[in-house]
Amino acid sequence: MANDNAATYPRFALWRLGLWVILLLAAFGAMQYGVHGQRVWSVLGSTTLDAEGRAALHAMLGWDAAYFIAAAALVVFCAAGILRQGWARPVLRVALALLALGLLLSGVLLYRHWLDWSGQTHGMADAAALVAQEARRVHLSLAFDAVGIVVLCWLVWRLGQPAVRAQFRRRG
């Protein structure tokens with residue numbers, strides 16, 4: 001039976017490499033949100049905070065926890081997809097589509113924010129150099145978003161193809 005599986009499925013699959021990249025990025029993101037959450041938690045222990053500052057930190061801690069949970073879940077989904085677990089394929093398609101949609105939304109918001117900001121700097125001294133520097137940063141971020149969206153959409157499409165679908169184990 002093991003030889004049949006080796007002959008049926010190719011050893012290298014580009015979609016699995018894509019899942020590995022997503023898994024590693026999600027693990028890095030989970031670590032970043034966890035560290036930031038710990039730092040926020042330690043600042044919350046300070047007695048010098050006023051009510052407004054404490055509320056802002058609680059909100060920040062809530063966002064850190066939500067992003068940490070989402071990133072950790074994505075790590076689990078990607079790992080299950082790499083191992084070709086049957087339940088993971090439809091879950092991954094939804095999660096990756098939502099992630100692509102989130103990248104699109106964040107890119108649009110970044111671009112609109114940059115347009116508003118760059119429009120406000122026209123009367124300022126040294127504004128041209130500052131706008132040019134920020135334009136490079138924004139364009140690079142938007143390029144990474146565009147590449148990420150293309151990769152995520154390709155993975156969603158690829159995970160729906162019959163050849164890939166057949167490689168996943170069914171519950172039985």
# chains A, B, ... in the order shown; residues from 1 in each chain; ligands from 1
$ residues_around --residues "Trp87 in chain A" --least-positions-apart "5" --cutoff "9 Å" --atoms "only C-alpha atoms" --output "count of residues only"
7
$ residues_around --residues "Ala79 in chain A" --least-positions-apart "4" --cutoff "9 Å" --atoms "only C-alpha atoms" --output "JSON list (two decimals) with C-alpha atoms, in the first residue's frame"
[["chain", "number", "residue", "atom", "x", "y", "z"],
["A", 19, "LEU", "CA", 1.56, 25.81, 2.90],
["A", 20, "TRP", "CA", 4.98, 25.52, 4.55],
["A", 23, "LEU", "CA", 2.83, 27.97, 8.30],
["A", 74, "LEU", "CA", -3.57, 28.88, 10.84],
["A", 75, "VAL", "CA", -0.43, 26.99, 11.92],
["A", 83, "LEU", "CA", -0.01, 16.06, 6.30],
["A", 84, "ARG", "CA", -2.96, 15.78, 3.86],
["A", 85, "GLN", "CA", -5.65, 15.43, 6.50],
["A", 88, "ALA", "CA", -7.98, 20.49, 6.54]]
$ closest_residue --among "A:Leu104, A:Ile82, A:Leu49, A:Leu109" --to "Val150 in chain A" --atoms "only C-alpha atoms"
A:Leu104
$ atom_distance --atom1 "CA of Ala146 in chain A" --atom2 "CA of Ala100 in chain A"
9.3 Å
$ atom_distance --atom1 "CA of Gly29 in chain A" --atom2 "CA of Phe68 in chain A"
7.4 Å
$ atom_distance --atom1 "CA of Arg165 in chain A" --atom2 "CA of Tyr67 in chain A"
29.1 Å
$ residues_around --residues "Ala56 in chain A" --least-positions-apart "4" --cutoff "12 Å" --atoms "only C-alpha atoms" --output "MDAnalysis selection string"
chainID A and resid 40:41 43:44 49:52 60:63
$ residues_around --residues "Trp114 in chain A" --least-positions-apart "6" --cutoff "9 Å" --atoms "only C-alpha atoms" --output "list in words"
Glu134, Ala135 and Val138 of chain A
$ closest_residue --among "A:Tyr111, A:Phe28, A:Trp117, A:Trp15" --to "Leu155 in chain A" --atoms "only C-alpha atoms"
A:Trp15
$ decode --residues "range 15-28 of chain A" --atoms "N, CA, C and O atoms" --output "PDB file, in the first residue's frame"
ATOM      1  N   TRP A  15       2.103  23.245  -3.980  1.00  0.00           N
ATOM      2  CA  TRP A  15       1.109  23.737  -3.032  1.00  0.00           C
ATOM      3  C   TRP A  15       1.516  23.419  -1.597  1.00  0.00           C
ATOM      4  O   TRP A  15       1.231  24.202  -0.686  1.00  0.00           O
ATOM      5  N   ARG A  16       2.199  22.287  -1.384  1.00  0.00           N
ATOM      6  CA  ARG A  16       2.668  21.965  -0.030  1.00  0.00           C
ATOM      7  C   ARG A  16       3.776  22.929   0.390  1.00  0.00           C
ATOM      8  O   ARG A  16       3.850  23.322   1.555  1.00  0.00           O
ATOM      9  N   LEU A  17       4.621  23.323  -0.539  1.00  0.00           N
ATOM     10  CA  LEU A  17       5.650  24.314  -0.235  1.00  0.00           C
ATOM     11  C   LEU A  17       4.995  25.642   0.155  1.00  0.00           C
ATOM     12  O   LEU A  17       5.439  26.313   1.093  1.00  0.00           O
ATOM     13  N   GLY A  18       3.944  26.017  -0.554  1.00  0.00           N
ATOM     14  CA  GLY A  18       3.201  27.228  -0.204  1.00  0.00           C
ATOM     15  C   GLY A  18       2.620  27.153   1.188  1.00  0.00           C
ATOM     16  O   GLY A  18       2.653  28.135   1.950  1.00  0.00           O
ATOM     17  N   LEU A  19       2.092  25.984   1.552  1.00  0.00           N
ATOM     18  CA  LEU A  19       1.557  25.815   2.901  1.00  0.00           C
ATOM     19  C   LEU A  19       2.658  25.912   3.952  1.00  0.00           C
ATOM     20  O   LEU A  19       2.438  26.445   5.045  1.00  0.00           O
ATOM     21  N   TRP A  20       3.852  25.404   3.631  1.00  0.00           N
ATOM     22  CA  TRP A  20       4.981  25.521   4.555  1.00  0.00           C
ATOM     23  C   TRP A  20       5.328  26.997   4.779  1.00  0.00           C
ATOM     24  O   TRP A  20       5.596  27.404   5.919  1.00  0.00           O
ATOM     25  N   VAL A  21       5.344  27.777   3.720  1.00  0.00           N
ATOM     26  CA  VAL A  21       5.664  29.202   3.850  1.00  0.00           C
ATOM     27  C   VAL A  21       4.605  29.895   4.709  1.00  0.00           C
ATOM     28  O   VAL A  21       4.941  30.676   5.618  1.00  0.00           O
ATOM     29  N   ILE A  22       3.335  29.612   4.455  1.00  0.00           N
ATOM     30  CA  ILE A  22       2.252  30.204   5.243  1.00  0.00           C
ATOM     31  C   ILE A  22       2.378  29.761   6.702  1.00  0.00           C
ATOM     32  O   ILE A  22       2.217  30.571   7.623  1.00  0.00           O
ATOM     33  N   LEU A  23       2.670  28.484   6.937  1.00  0.00           N
ATOM     34  CA  LEU A  23       2.833  27.972   8.296  1.00  0.00           C
ATOM     35  C   LEU A  23       3.953  28.716   9.020  1.00  0.00           C
ATOM     36  O   LEU A  23       3.783  29.139  10.174  1.00  0.00           O
ATOM     37  N   LEU A  24       5.098  28.886   8.373  1.00  0.00           N
ATOM     38  CA  LEU A  24       6.220  29.564   9.013  1.00  0.00           C
ATOM     39  C   LEU A  24       5.911  31.031   9.299  1.00  0.00           C
ATOM     40  O   LEU A  24       6.247  31.553  10.370  1.00  0.00           O
ATOM     41  N   LEU A  25       5.263  31.700   8.362  1.00  0.00           N
ATOM     42  CA  LEU A  25       4.888  33.094   8.589  1.00  0.00           C
ATOM     43  C   LEU A  25       3.852  33.224   9.705  1.00  0.00           C
ATOM     44  O   LEU A  25       3.907  34.151  10.518  1.00  0.00           O
ATOM     45  N   ALA A  26       2.901  32.293   9.749  1.00  0.00           N
ATOM     46  CA  ALA A  26       1.893  32.319  10.809  1.00  0.00           C
ATOM     47  C   ALA A  26       2.524  32.033  12.168  1.00  0.00           C
ATOM     48  O   ALA A  26       2.157  32.647  13.175  1.00  0.00           O
ATOM     49  N   ALA A  27       3.477  31.113  12.223  1.00  0.00           N
ATOM     50  CA  ALA A  27       4.170  30.822  13.483  1.00  0.00           C
ATOM     51  C   ALA A  27       4.953  32.048  13.952  1.00  0.00           C
ATOM     52  O   ALA A  27       4.953  32.381  15.145  1.00  0.00           O
ATOM     53  N   PHE A  28       5.613  32.726  13.019  1.00  0.00           N
ATOM     54  CA  PHE A  28       6.342  33.940  13.368  1.00  0.00           C
ATOM     55  C   PHE A  28       5.367  35.007  13.876  1.00  0.00           C
ATOM     56  O   PHE A  28       5.643  35.690  14.868  1.00  0.00           O
TER      57      PHE A  28
END
